[in-house]
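What follows is the content of start-v8.cif, which has mmCIF, C-alpha atoms and all ligand atoms:
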```cif
data_data
#
loop_
_atom_site.group_PDB
_atom_site.id
_atom_site.type_symbol
_atom_site.label_atom_id
_atom_site.label_comp_id
_atom_site.auth_asym_id
_atom_site.auth_seq_id
_atom_site.Cartn_x
_atom_site.Cartn_y
_atom_site.Cartn_z
ATOM 1 C CA MET A 26 7.936 -7.128 -9.776
ATOM 2 C CA ARG A 27 11.300 -5.677 -8.887
ATOM 3 C CA GLU A 28 12.533 -4.487 -12.259
ATOM 4 C CA LEU A 29 10.551 -1.535 -13.634
ATOM 5 C CA ARG A 30 13.033 0.266 -15.904
ATOM 6 C CA ASP A 31 11.996 0.296 -19.575
ATOM 7 C CA ARG A 32 8.774 -1.523 -18.741
ATOM 8 C CA VAL A 33 5.277 -0.165 -19.443
ATOM 9 C CA ALA A 34 2.635 1.080 -17.018
ATOM 10 C CA VAL A 35 -1.000 1.922 -17.773
ATOM 11 C CA VAL A 36 -2.620 4.244 -15.230
ATOM 12 C CA THR A 37 -6.339 5.105 -15.201
ATOM 13 C CA GLY A 38 -7.434 8.328 -13.555
ATOM 14 C CA ALA A 39 -3.962 9.596 -14.481
ATOM 15 C CA GLY A 40 -5.147 13.158 -15.011
ATOM 16 C CA SER A 41 -5.264 14.182 -11.373
ATOM 17 C CA GLY A 42 -4.300 13.395 -7.789
ATOM 18 C CA ILE A 43 -2.938 9.924 -7.116
ATOM 19 C CA GLY A 44 -3.003 8.871 -10.783
ATOM 20 C CA ARG A 45 -1.013 11.918 -11.873
ATOM 21 C CA ALA A 46 1.526 11.300 -9.089
ATOM 22 C CA LEU A 47 1.739 7.624 -10.067
ATOM 23 C CA SER A 48 2.479 8.589 -13.672
ATOM 24 C CA GLU A 49 5.356 10.823 -12.561
ATOM 25 C CA VAL A 50 6.807 8.473 -9.950
ATOM 26 C CA LEU A 51 6.643 5.464 -12.298
ATOM 27 C CA ALA A 52 8.361 7.512 -15.029
ATOM 28 C CA GLU A 53 11.073 8.465 -12.542
ATOM 29 C CA ALA A 54 11.488 4.749 -11.854
ATOM 30 C CA GLY A 55 12.151 4.295 -15.591
ATOM 31 C CA MET A 56 8.742 3.190 -16.857
ATOM 32 C CA HIS A 57 6.959 4.301 -20.007
ATOM 33 C CA VAL A 58 3.413 5.346 -19.103
ATOM 34 C CA VAL A 59 0.001 5.302 -20.760
ATOM 35 C CA ALA A 60 -1.911 8.061 -18.932
ATOM 36 C CA ALA A 61 -5.644 7.395 -19.286
ATOM 37 C CA ASP A 62 -8.439 9.616 -18.024
ATOM 38 C CA LEU A 63 -11.966 10.752 -18.751
ATOM 39 C CA ASP A 64 -10.466 14.227 -19.094
ATOM 40 C CA LEU A 65 -8.157 14.103 -22.133
ATOM 41 C CA ALA A 66 -6.492 17.479 -21.438
ATOM 42 C CA ASP A 67 -5.491 16.284 -17.963
ATOM 43 C CA ALA A 68 -4.281 12.950 -19.406
ATOM 44 C CA GLU A 69 -2.190 14.904 -21.936
ATOM 45 C CA ALA A 70 -0.625 16.926 -19.119
ATOM 46 C CA ALA A 71 0.265 13.705 -17.272
ATOM 47 C CA ALA A 72 1.771 12.189 -20.433
ATOM 48 C CA GLU A 73 3.761 15.392 -20.939
ATOM 49 C CA ALA A 74 5.083 15.103 -17.357
ATOM 50 C CA VAL A 75 6.204 11.555 -18.221
ATOM 51 C CA ARG A 76 7.970 12.762 -21.378
ATOM 52 C CA ALA A 77 9.641 15.524 -19.347
ATOM 53 C CA ARG A 78 11.284 12.650 -17.437
ATOM 54 C CA GLU A 79 12.617 11.259 -20.726
ATOM 55 C CA ARG A 80 10.255 8.300 -20.799
ATOM 56 C CA ARG A 81 7.570 7.624 -23.411
ATOM 57 C CA GLY A 82 4.158 8.983 -22.409
ATOM 58 C CA LEU A 83 0.878 8.396 -24.233
ATOM 59 C CA ALA A 84 -2.409 10.076 -23.286
ATOM 60 C CA VAL A 85 -5.651 8.193 -23.906
ATOM 61 C CA GLU A 86 -9.178 9.358 -23.207
ATOM 62 C CA VAL A 87 -11.169 6.624 -21.490
ATOM 63 C CA ASP A 88 -14.341 6.195 -19.508
ATOM 64 C CA VAL A 89 -13.618 3.177 -17.326
ATOM 65 C CA THR A 90 -17.342 2.520 -16.879
ATOM 66 C CA ASP A 91 -17.484 1.658 -20.601
ATOM 67 C CA ARG A 92 -16.015 -1.811 -21.244
ATOM 68 C CA GLY A 93 -15.610 -1.051 -24.965
ATOM 69 C CA ALA A 94 -13.626 2.095 -24.182
ATOM 70 C CA VAL A 95 -11.313 0.167 -21.831
ATOM 71 C CA GLU A 96 -10.847 -2.485 -24.552
ATOM 72 C CA GLU A 97 -9.826 0.347 -26.884
ATOM 73 C CA LEU A 98 -7.406 1.629 -24.216
ATOM 74 C CA ALA A 99 -5.813 -1.839 -24.079
ATOM 75 C CA ARG A 100 -5.650 -2.040 -27.879
ATOM 76 C CA ARG A 101 -3.982 1.369 -28.148
ATOM 77 C CA SER A 102 -1.568 0.646 -25.279
ATOM 78 C CA TYR A 103 -0.375 -2.577 -26.931
ATOM 79 C CA GLU A 104 -0.277 -0.920 -30.351
ATOM 80 C CA ALA A 105 1.998 1.819 -28.989
ATOM 81 C CA PHE A 106 4.147 -0.141 -26.533
ATOM 82 C CA GLY A 107 3.608 -3.859 -27.251
ATOM 83 C CA ALA A 108 3.163 -4.656 -23.551
ATOM 84 C CA CYS A 109 1.674 -3.665 -20.227
ATOM 85 C CA HIS A 110 3.732 -4.760 -17.246
ATOM 86 C CA LEU A 111 1.956 -2.681 -14.602
ATOM 87 C CA LEU A 112 -1.764 -1.915 -14.735
ATOM 88 C CA CYS A 113 -2.962 0.665 -12.202
ATOM 89 C CA ASN A 114 -6.761 0.623 -12.006
ATOM 90 C CA ASN A 115 -6.898 3.909 -10.144
ATOM 91 C CA ALA A 116 -9.811 6.000 -11.496
ATOM 92 C CA GLY A 117 -12.396 6.540 -8.782
ATOM 93 C CA VAL A 118 -15.147 8.841 -7.535
ATOM 94 C CA LEU A 119 -16.643 9.694 -4.162
ATOM 95 C CA VAL A 120 -20.199 10.041 -2.956
ATOM 96 C CA MET A 121 -20.772 10.867 0.712
ATOM 97 C CA GLY A 122 -23.920 10.921 2.818
ATOM 98 C CA THR A 123 -25.726 8.464 5.055
ATOM 99 C CA ALA A 124 -26.463 4.994 3.693
ATOM 100 C CA LEU A 125 -29.886 6.121 2.457
ATOM 101 C CA ALA A 126 -28.777 9.464 1.001
ATOM 102 C CA PRO A 127 -27.335 8.666 -2.442
ATOM 103 C CA VAL A 128 -29.888 8.791 -5.256
ATOM 104 C CA PRO A 129 -29.919 5.799 -7.676
ATOM 105 C CA GLU A 130 -27.733 7.605 -10.258
ATOM 106 C CA GLN A 131 -25.124 8.231 -7.568
ATOM 107 C CA TRP A 132 -25.114 4.559 -6.556
ATOM 108 C CA ASP A 133 -24.698 3.546 -10.212
ATOM 109 C CA TRP A 134 -21.907 6.076 -10.676
ATOM 110 C CA VAL A 135 -19.874 5.059 -7.643
ATOM 111 C CA VAL A 136 -20.246 1.330 -8.372
ATOM 112 C CA ASP A 137 -19.671 1.719 -12.123
ATOM 113 C CA VAL A 138 -16.481 3.772 -11.786
ATOM 114 C CA ASN A 139 -14.981 2.290 -8.620
ATOM 115 C CA LEU A 140 -15.834 -1.396 -9.071
ATOM 116 C CA ARG A 141 -16.746 -1.987 -12.709
ATOM 117 C CA GLY A 142 -13.878 0.277 -13.796
ATOM 118 C CA VAL A 143 -11.437 -2.042 -12.014
ATOM 119 C CA LEU A 144 -13.181 -5.104 -13.427
ATOM 120 C CA HIS A 145 -13.030 -3.723 -16.972
ATOM 121 C CA GLY A 146 -9.301 -3.032 -16.618
ATOM 122 C CA VAL A 147 -8.690 -6.608 -15.512
ATOM 123 C CA GLN A 148 -10.926 -8.147 -18.188
ATOM 124 C CA CYS A 149 -9.385 -6.151 -21.038
ATOM 125 C CA PHE A 150 -5.721 -6.256 -20.021
ATOM 126 C CA VAL A 151 -5.131 -9.619 -18.322
ATOM 127 C CA PRO A 152 -5.572 -11.775 -21.469
ATOM 128 C CA ARG A 153 -2.969 -9.592 -23.207
ATOM 129 C CA MET A 154 -0.657 -9.628 -20.166
ATOM 130 C CA LEU A 155 -0.838 -13.437 -20.113
ATOM 131 C CA ALA A 156 -0.071 -13.609 -23.836
ATOM 132 C CA GLN A 157 2.947 -11.275 -23.543
ATOM 133 C CA GLY A 158 4.528 -13.573 -20.891
ATOM 134 C CA GLY A 159 7.034 -12.573 -18.203
ATOM 135 C CA PRO A 160 6.388 -10.742 -14.944
ATOM 136 C CA ALA A 161 3.486 -8.347 -14.640
ATOM 137 C CA HIS A 162 1.564 -6.683 -11.835
ATOM 138 C CA ILE A 163 -1.842 -5.093 -11.217
ATOM 139 C CA VAL A 164 -2.532 -2.400 -8.615
ATOM 140 C CA ASN A 165 -6.158 -1.634 -7.829
ATOM 141 C CA THR A 166 -6.886 1.565 -5.905
ATOM 142 C CA ALA A 167 -9.299 0.977 -3.031
ATOM 143 C CA SER A 168 -9.189 3.107 0.132
ATOM 144 C CA MET A 169 -9.138 2.913 3.909
ATOM 145 C CA ALA A 170 -12.888 2.932 3.254
ATOM 146 C CA GLY A 171 -12.331 -0.558 1.833
ATOM 147 C CA LEU A 172 -10.895 -1.828 5.118
ATOM 148 C CA ALA A 173 -13.048 -0.336 7.864
ATOM 149 C CA PRO A 174 -16.394 1.464 8.166
ATOM 150 C CA SER A 175 -16.884 5.191 8.763
ATOM 151 C CA PRO A 176 -20.020 7.322 8.970
ATOM 152 C CA ARG A 177 -21.512 8.934 5.856
ATOM 153 C CA VAL A 178 -19.616 6.954 3.210
ATOM 154 C CA ALA A 179 -21.713 3.791 2.767
ATOM 155 C CA ALA A 180 -21.900 3.802 -1.042
ATOM 156 C CA TYR A 181 -18.201 4.577 -1.473
ATOM 157 C CA THR A 182 -17.327 2.031 1.219
ATOM 158 C CA ALA A 183 -19.441 -0.658 -0.472
ATOM 159 C CA SER A 184 -17.576 -0.089 -3.738
ATOM 160 C CA LYS A 185 -14.155 -0.081 -2.071
ATOM 161 C CA TYR A 186 -14.764 -3.218 0.039
ATOM 162 C CA ALA A 187 -15.683 -4.858 -3.260
ATOM 163 C CA VAL A 188 -12.386 -3.727 -4.796
ATOM 164 C CA VAL A 189 -10.464 -5.142 -1.828
ATOM 165 C CA GLY A 190 -12.308 -8.485 -2.016
ATOM 166 C CA PHE A 191 -11.933 -8.685 -5.788
ATOM 167 C CA SER A 192 -8.207 -7.926 -5.527
ATOM 168 C CA GLU A 193 -7.670 -10.570 -2.832
ATOM 169 C CA CYS A 194 -9.299 -13.231 -5.030
ATOM 170 C CA LEU A 195 -7.620 -11.987 -8.208
ATOM 171 C CA ARG A 196 -4.226 -12.336 -6.545
ATOM 172 C CA ILE A 197 -4.925 -15.983 -5.760
ATOM 173 C CA ASP A 198 -6.211 -16.682 -9.276
ATOM 174 C CA LEU A 199 -3.316 -14.988 -11.089
ATOM 175 C CA GLU A 200 -0.496 -16.264 -8.874
ATOM 176 C CA GLU A 201 0.168 -19.363 -10.988
ATOM 177 C CA HIS A 202 0.459 -17.114 -14.063
ATOM 178 C CA GLY A 203 3.151 -14.897 -12.544
ATOM 179 C CA ILE A 204 0.955 -11.798 -12.386
ATOM 180 C CA GLY A 205 1.055 -10.080 -8.981
ATOM 181 C CA VAL A 206 -1.851 -8.132 -7.512
ATOM 182 C CA SER A 207 -1.835 -5.332 -4.943
ATOM 183 C CA VAL A 208 -4.607 -3.215 -3.535
ATOM 184 C CA VAL A 209 -3.706 0.268 -2.303
ATOM 185 C CA CYS A 210 -5.795 1.605 0.583
ATOM 186 C CA PRO A 211 -4.976 5.260 1.248
ATOM 187 C CA GLY A 212 -6.562 7.431 3.915
ATOM 188 C CA GLY A 213 -7.096 11.109 3.110
ATOM 189 C CA VAL A 214 -5.110 12.439 0.149
ATOM 190 C CA LYS A 215 -4.960 15.962 -1.306
ATOM 191 C CA SER A 216 -6.703 15.621 -4.665
ATOM 192 C CA ARG A 217 -9.788 16.697 -6.613
ATOM 193 C CA LEU A 218 -11.831 13.697 -5.399
ATOM 194 C CA PHE A 219 -13.968 15.835 -3.107
ATOM 195 C CA GLU A 220 -15.029 18.184 -5.948
ATOM 196 C CA GLY A 221 -17.421 15.600 -7.417
ATOM 197 C CA ARG A 222 -16.265 16.302 -10.981
ATOM 198 C CA HIS A 223 -18.053 14.321 -13.732
ATOM 199 C CA ARG A 224 -20.941 13.513 -11.370
ATOM 200 C CA PRO A 225 -24.080 12.234 -13.089
ATOM 201 C CA SER A 226 -26.663 14.417 -11.349
ATOM 202 C CA ASP A 227 -26.871 17.812 -9.691
ATOM 203 C CA ALA A 228 -27.103 16.133 -6.286
ATOM 204 C CA PRO A 229 -24.072 17.217 -4.230
ATOM 205 C CA VAL A 230 -21.519 14.489 -3.476
ATOM 206 C CA LEU A 231 -20.877 15.732 0.056
ATOM 207 C CA SER A 232 -21.907 18.360 2.600
ATOM 208 C CA SER A 233 -20.089 20.136 5.408
ATOM 209 C CA ASP A 234 -22.312 18.108 7.747
ATOM 210 C CA ASP A 235 -20.898 14.858 6.255
ATOM 211 C CA LEU A 236 -17.337 16.083 6.711
ATOM 212 C CA ALA A 237 -18.047 17.111 10.308
ATOM 213 C CA ALA A 238 -19.514 13.648 11.037
ATOM 214 C CA VAL A 239 -16.421 11.932 9.620
ATOM 215 C CA ALA A 240 -14.122 14.254 11.561
ATOM 216 C CA ARG A 241 -16.000 13.547 14.810
ATOM 217 C CA ALA A 242 -15.678 9.776 14.273
ATOM 218 C CA GLY A 243 -11.940 9.671 13.516
ATOM 219 C CA SER A 244 -8.860 10.646 15.472
ATOM 220 C CA PRO A 245 -7.292 14.021 14.517
ATOM 221 C CA ASP A 246 -4.420 12.041 12.963
ATOM 222 C CA SER A 247 -6.739 10.241 10.612
ATOM 223 C CA ALA A 248 -7.993 13.559 9.194
ATOM 224 C CA VAL A 249 -4.535 14.445 7.850
ATOM 225 C CA LEU A 250 -4.492 14.723 4.056
ATOM 226 C CA ILE A 251 -1.202 13.567 2.548
ATOM 227 C CA ASP A 252 0.332 14.490 -0.805
ATOM 228 C CA PRO A 253 -0.538 12.089 -3.641
ATOM 229 C CA GLU A 254 3.178 11.593 -4.284
ATOM 230 C CA ARG A 255 3.439 9.732 -0.969
ATOM 231 C CA VAL A 256 0.763 7.312 -2.133
ATOM 232 C CA ALA A 257 2.572 6.839 -5.450
ATOM 233 C CA ARG A 258 5.855 6.086 -3.668
ATOM 234 C CA ALA A 259 4.097 3.590 -1.386
ATOM 235 C CA VAL A 260 2.677 1.893 -4.504
ATOM 236 C CA LEU A 261 6.151 1.716 -6.034
ATOM 237 C CA ASP A 262 7.530 0.044 -2.887
ATOM 238 C CA GLY A 263 4.538 -2.304 -2.715
ATOM 239 C CA VAL A 264 4.893 -3.391 -6.352
ATOM 240 C CA ARG A 265 8.613 -4.058 -5.924
ATOM 241 C CA ASP A 266 7.957 -6.081 -2.748
ATOM 242 C CA GLY A 267 4.906 -7.879 -4.178
ATOM 243 C CA ASP A 268 2.692 -6.716 -1.297
ATOM 244 C CA LEU A 269 -1.005 -7.571 -1.360
ATOM 245 C CA TYR A 270 -2.098 -4.621 0.808
ATOM 246 C CA ILE A 271 -0.462 -1.213 0.449
ATOM 247 C CA VAL A 272 -1.455 1.261 3.166
ATOM 248 C CA THR A 273 -0.344 4.858 3.475
ATOM 249 C CA HIS A 274 -1.769 5.984 6.825
ATOM 250 C CA PRO A 275 -0.297 3.806 9.607
ATOM 251 C CA GLN A 276 -2.069 6.060 12.125
ATOM 252 C CA MET A 277 -5.406 4.577 10.986
ATOM 253 C CA ARG A 278 -4.495 1.040 12.108
ATOM 254 C CA ASP A 279 -6.932 1.265 15.057
ATOM 255 C CA GLN A 280 -9.943 1.296 12.733
ATOM 256 C CA VAL A 281 -8.919 -1.950 11.059
ATOM 257 C CA GLU A 282 -8.030 -3.530 14.396
ATOM 258 C CA ALA A 283 -11.460 -2.652 15.777
ATOM 259 C CA ARG A 284 -13.183 -4.247 12.763
ATOM 260 C CA CYS A 285 -11.028 -7.391 13.004
ATOM 261 C CA ARG A 286 -11.758 -7.623 16.740
ATOM 262 C CA ASP A 287 -15.508 -7.405 16.071
ATOM 263 C CA LEU A 288 -15.282 -10.092 13.375
ATOM 264 C CA LEU A 289 -13.290 -12.470 15.549
ATOM 265 C CA ALA A 290 -15.637 -11.850 18.476
ATOM 266 C CA ALA A 291 -18.500 -13.021 16.259
ATOM 267 C CA PHE A 292 -16.652 -16.303 15.669
ATOM 268 C CA ASP A 293 -16.024 -16.689 19.408
ATOM 269 C CA LYS A 294 -19.680 -16.038 20.078
ATOM 270 C CA ALA A 295 -20.768 -18.578 17.457
ATOM 271 C CA ALA A 296 -18.411 -21.156 18.949
ATOM 272 C CA ALA A 297 -19.741 -20.445 22.453
ATOM 273 C CA ARG A 298 -23.355 -20.763 21.262
ATOM 274 C CA GLN A 299 -22.552 -24.069 19.579
ATOM 275 C CA GLY A 300 -20.681 -25.280 22.660
ATOM 276 C CA ALA A 301 -17.486 -25.738 20.628
ATOM 277 C CA PRO A 302 -14.025 -24.493 21.670
ATOM 278 C CA ALA A 303 -13.210 -21.157 20.029
HETATM 279 N N1 LIG B 1 -8.230 11.488 -2.249
HETATM 280 C C1 LIG B 1 -8.432 10.640 -1.249
HETATM 281 O O1 LIG B 1 -8.550 11.028 -0.067
HETATM 282 C C2 LIG B 1 -8.497 9.161 -1.539
HETATM 283 C C3 LIG B 1 -8.399 8.275 -0.459
HETATM 284 C C4 LIG B 1 -8.476 6.919 -0.708
HETATM 285 C C5 LIG B 1 -8.624 6.454 -1.996
HETATM 286 N N2 LIG B 1 -8.729 7.330 -3.028
HETATM 287 C C6 LIG B 1 -8.913 6.764 -4.362
HETATM 288 O O2 LIG B 1 -7.830 7.174 -5.188
HETATM 289 C C7 LIG B 1 -8.231 7.117 -6.552
HETATM 290 C C8 LIG B 1 -7.788 8.381 -7.245
HETATM 291 O O3 LIG B 1 -8.531 9.473 -6.708
HETATM 292 P P1 LIG B 1 -7.894 10.906 -6.403
HETATM 293 O O4 LIG B 1 -8.014 11.129 -4.959
HETATM 294 O O5 LIG B 1 -6.578 11.036 -7.052
HETATM 295 O O6 LIG B 1 -9.027 11.829 -7.092
HETATM 296 P P2 LIG B 1 -8.996 12.848 -8.322
HETATM 297 O O7 LIG B 1 -10.420 13.234 -8.495
HETATM 298 O O8 LIG B 1 -7.992 13.899 -8.095
HETATM 299 O O9 LIG B 1 -8.529 11.931 -9.539
HETATM 300 C C9 LIG B 1 -9.367 10.938 -10.071
HETATM 301 C C10 LIG B 1 -9.212 10.935 -11.593
HETATM 302 O O10 LIG B 1 -10.080 9.920 -12.112
HETATM 303 C C11 LIG B 1 -10.700 10.434 -13.282
HETATM 304 N N3 LIG B 1 -11.969 9.737 -13.522
HETATM 305 C C12 LIG B 1 -13.144 9.890 -12.865
HETATM 306 N N4 LIG B 1 -14.087 9.130 -13.427
HETATM 307 C C13 LIG B 1 -13.500 8.478 -14.462
HETATM 308 C C14 LIG B 1 -13.967 7.555 -15.419
HETATM 309 N N5 LIG B 1 -15.246 7.163 -15.451
HETATM 310 N N6 LIG B 1 -13.080 7.064 -16.325
HETATM 311 C C15 LIG B 1 -11.806 7.477 -16.316
HETATM 312 N N7 LIG B 1 -11.304 8.360 -15.453
HETATM 313 C C16 LIG B 1 -12.149 8.863 -14.531
HETATM 314 C C17 LIG B 1 -10.906 11.918 -13.007
HETATM 315 O O11 LIG B 1 -11.068 12.641 -14.215
HETATM 316 C C18 LIG B 1 -9.635 12.253 -12.238
HETATM 317 O O12 LIG B 1 -8.619 12.711 -13.117
HETATM 318 C C19 LIG B 1 -9.736 6.875 -6.539
HETATM 319 O O13 LIG B 1 -9.997 5.510 -6.796
HETATM 320 C C20 LIG B 1 -10.137 7.229 -5.129
HETATM 321 O O14 LIG B 1 -11.310 6.577 -4.712
HETATM 322 C C21 LIG B 1 -8.641 8.669 -2.833
#
```

Just give me the structure as structure tokens.
Amino acid sequence: MRELRDRVAVVTGAGSGIGRALSEVLAEAGMHVVAADLDLADAEAAAEAVRARERRGLAVEVDVTDRGAVEELARRSYEAFGACHLLCNNAGVLVMGTALAPVPEQWDWVVDVNLRGVLHGVQCFVPRMLAQGGPAHIVNTASMAGLAPSPRVAAYTASKYAVVGFSECLRIDLEEHGIGVSVVCPGGVKSRLFEGRHRPSDAPVLSSDDLAAVARAGSPDSAVLIDPERVARAVLDGVRDGDLYIVTHPQMRDQVEARCRDLLAAFDKAAARQGAPA
């Protein structure tokens, strides 16, 4: 979707980090923005930042795990602006630890926010986007953790692989309707993600041991935390170019290459076992 000026964006998780930066960068590109977040005060601050850029900004409190609340977000967005041209399903949470570490409430939380939150956005907005007609686009926020495995992030990775797979299929299914789909897969970004705000139990979402294990596994380059604004600008470029995958850390290419190599090797091995040419 090349033309953004005077069009309408809805951003979830707009109160902080990548969502806040998206709200500002999209406003600078001429969009009106609905800034939605679990934290209404933070959503208000994002909407105010939009208005400071002389665009219309509306703050809405939403819990993306609650389908009814996301339906209400869609209703209020269309009531205020009459359209949604760009839906950014960005709200997300992190739980670290080995695959067996997260307690059931943490699994529910990470899957409910990261996967079901995206699903709810699509279910509540797409029927309205189809009815409004004209070009529209959806950006789902996954992660590098949705493209390649790392130690101590199994639950988060499971949710983000699901977002990548869902987005890939959604793009195919919506293509004939003129709605584009992108999935943004950032590496480390400076934000409040690591604070574990809004977590459902007292169990910590990460330990220094987890962080050390991740640091040992990755290259020093991959540990670099970038400003959220860089992610927002990459999203803007990706939306304009209609990209499926939007990545922000080219230095992390090796991890994806290694996974692809392993996958393709499995096909070669299967072919060899079956006596067929690879
Ligand atoms: N920070 C990183 O290193 C990084 C890397 C890759 C992907 N991501 C992804 O980027 C997205 C944004 O995260 P961030 O890094 O800006 O973190 P952040 O914690 O700074 O911002 C996330 C926002 O989402 C909101 N939120 C949390 N649960 C919610 C819910 N149930 N309903 C509505 N809003 C809710 C929070 O209040 C917060 O304002 C997430 O999907 C995250 O997984 C982050």

Which chain A residues have any atom within 8 Å of an atom of ligand LIG 1 (chain B), and for each, what is the nearest pair of atoms with distance in Å to one decimal, counting all atoms listed in the file, rows sorted by chain and number, as CSV?
```
residue,atom,partner,partner_atom,distance
A:Thr37,CA,B:LIG1,N7,5.9
A:Gly38,CA,B:LIG1,O10,3.4
A:Ala39,CA,B:LIG1,O12,5.8
A:Gly40,CA,B:LIG1,O12,4.0
A:Ser41,CA,B:LIG1,O12,4.1
A:Gly42,CA,B:LIG1,O5,3.4
A:Ile43,CA,B:LIG1,O5,3.8
A:Gly44,CA,B:LIG1,O5,5.6
A:Arg45,CA,B:LIG1,O5,7.4
A:Ala61,CA,B:LIG1,C15,6.8
A:Asp62,CA,B:LIG1,N7,4.0
A:Leu63,CA,B:LIG1,C15,4.1
A:Asp64,CA,B:LIG1,O11,5.2
A:Asp67,CA,B:LIG1,O12,6.8
A:Ala68,CA,B:LIG1,O12,7.6
A:Glu86,CA,B:LIG1,C15,7.6
A:Val87,CA,B:LIG1,C15,5.3
A:Asp88,CA,B:LIG1,N6,3.5
A:Val89,CA,B:LIG1,N6,4.0
A:Thr90,CA,B:LIG1,N5,5.3
A:Asp91,CA,B:LIG1,N5,7.9
A:Asn114,CA,B:LIG1,O13,7.8
A:Asn115,CA,B:LIG1,O13,4.8
A:Ala116,CA,B:LIG1,O10,4.0
A:Gly117,CA,B:LIG1,O13,3.3
A:Val118,CA,B:LIG1,O14,5.3
A:Leu119,CA,B:LIG1,O14,6.2
A:Asp137,CA,B:LIG1,N5,7.8
A:Val138,CA,B:LIG1,N5,5.1
A:Asn139,CA,B:LIG1,O13,6.2
A:Gly142,CA,B:LIG1,N5,7.2
A:Thr166,CA,B:LIG1,O13,5.1
A:Ala167,CA,B:LIG1,C5,5.6
A:Ser168,CA,B:LIG1,C4,4.0
A:Met169,CA,B:LIG1,C4,6.1
A:Ala170,CA,B:LIG1,C4,7.1
A:Tyr181,CA,B:LIG1,O14,7.9
A:Lys185,CA,B:LIG1,O14,7.7
A:Val209,CA,B:LIG1,C5,7.9
A:Cys210,CA,B:LIG1,C4,6.1
A:Pro211,CA,B:LIG1,C4,4.3
A:Gly212,CA,B:LIG1,C3,4.8
A:Gly213,CA,B:LIG1,O1,3.5
A:Val214,CA,B:LIG1,O1,3.7
A:Lys215,CA,B:LIG1,N1,5.6
A:Ser216,CA,B:LIG1,O8,4.0
A:Arg217,CA,B:LIG1,O8,3.6
A:Leu218,CA,B:LIG1,O7,3.4
A:Phe219,CA,B:LIG1,O7,7.0
A:Glu220,CA,B:LIG1,O7,7.2
A:Gly221,CA,B:LIG1,O7,7.5
A:Arg222,CA,B:LIG1,O7,7.1
A:His223,CA,B:LIG1,N4,6.5
A:Leu250,CA,B:LIG1,O1,6.9
A:Pro253,CA,B:LIG1,O5,7.0
```

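In terms of minimum interatomic distance to Gly203 (chain A), A:Met154 ranks closest within A:Ala72, A:Leu65, A:Met154, A:Ala46, counting all atoms listed in the file.
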
Exercise for the section: Any chance you could resolve the PyMOL selection byres (((chain A and resi 102) around 10) and not hetatm) against this file and give the residues as an MDAnalysis selection string? Expected result: chainID A and resid 33:35 58:61 83:85 96:101 103:109 150

Practice task
Determine the residue membership of the PyMOL selection byres (((chain A and resi 176) around 10) and not hetatm) for the file above and supply it as a ChimeraX atom specification.
Solution key: /A:121-124,174-175,177-179,182,235-236,238-243

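Minimum atom-to-atom distance to His145 (chain A), evaluated using only C-alpha atoms, belongs to A:Arg92 out of A:His162, A:Arg255, A:Lys294, A:Arg92.
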
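Close contacts of Ser184 (chain A), defined as residues with an atom at most 8 Å away when counting all atoms listed in the file, with chain neighbours fewer than 3 positions off set aside, comprise Val135, Val136, Asn139, Leu140, Gly171, Ala180, Tyr181, Ala187 and Val188 of chain A.
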
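Between CA of Met56 (chain A) and CA of Arg81 (chain A) the separation is 8.0 Å.
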
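Proximity to Val272 (chain A) was assessed for A:Met26, A:Ala161, A:Leu199, A:Val208 counting only C-alpha atoms; the smallest distance is recorded for A:Val208.
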
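If you measure from each of A:Asp133, A:Leu111, A:Arg80, A:Ala52 to Ala183 (chain A) using only C-alpha atoms, the closest one turns out to be A:Asp133.
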
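Closest approach to Ala228 (chain A) among A:Glu130, A:Leu112, A:Leu51, A:Ala71 is made by A:Glu130 (distances from all atoms listed in the file).
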
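Here CA of Gln148 (chain A) is placed at a distance of 19.5 Å from CA of Leu269 (chain A).
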
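Counting from CA of Val249 (chain A), the distance to CA of Val120 (chain A) is 19.5 Å.
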
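Nearest-residue note for Ile163 (chain A): choosing from A:Glu49, A:Glu254, A:Glu79, A:Glu200, the minimum distance belongs to A:Glu200, counting only C-alpha atoms.
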
Exercise for the section: For the structure provided, state which residues fall under the PyMOL selection byres (((chain A and resi 29) around 7) and not hetatm), and present them as a PyMOL selection string. Expected result: chain A and resi 27-28+30-32+54-56

Would you output that residue set with C-alpha atoms, as a PDB file, in the coordinates of the input?
```pdb
ATOM      1  CA  ARG A  27      11.300  -5.677  -8.887  1.00  0.00           C
ATOM      2  CA  GLU A  28      12.533  -4.487 -12.259  1.00  0.00           C
ATOM      3  CA  ARG A  30      13.033   0.266 -15.904  1.00  0.00           C
ATOM      4  CA  ASP A  31      11.996   0.296 -19.575  1.00  0.00           C
ATOM      5  CA  ARG A  32       8.774  -1.523 -18.741  1.00  0.00           C
ATOM      6  CA  ALA A  54      11.488   4.749 -11.854  1.00  0.00           C
ATOM      7  CA  GLY A  55      12.151   4.295 -15.591  1.00  0.00           C
ATOM      8  CA  MET A  56       8.742   3.190 -16.857  1.00  0.00           C
TER       9      MET A  56
END
```
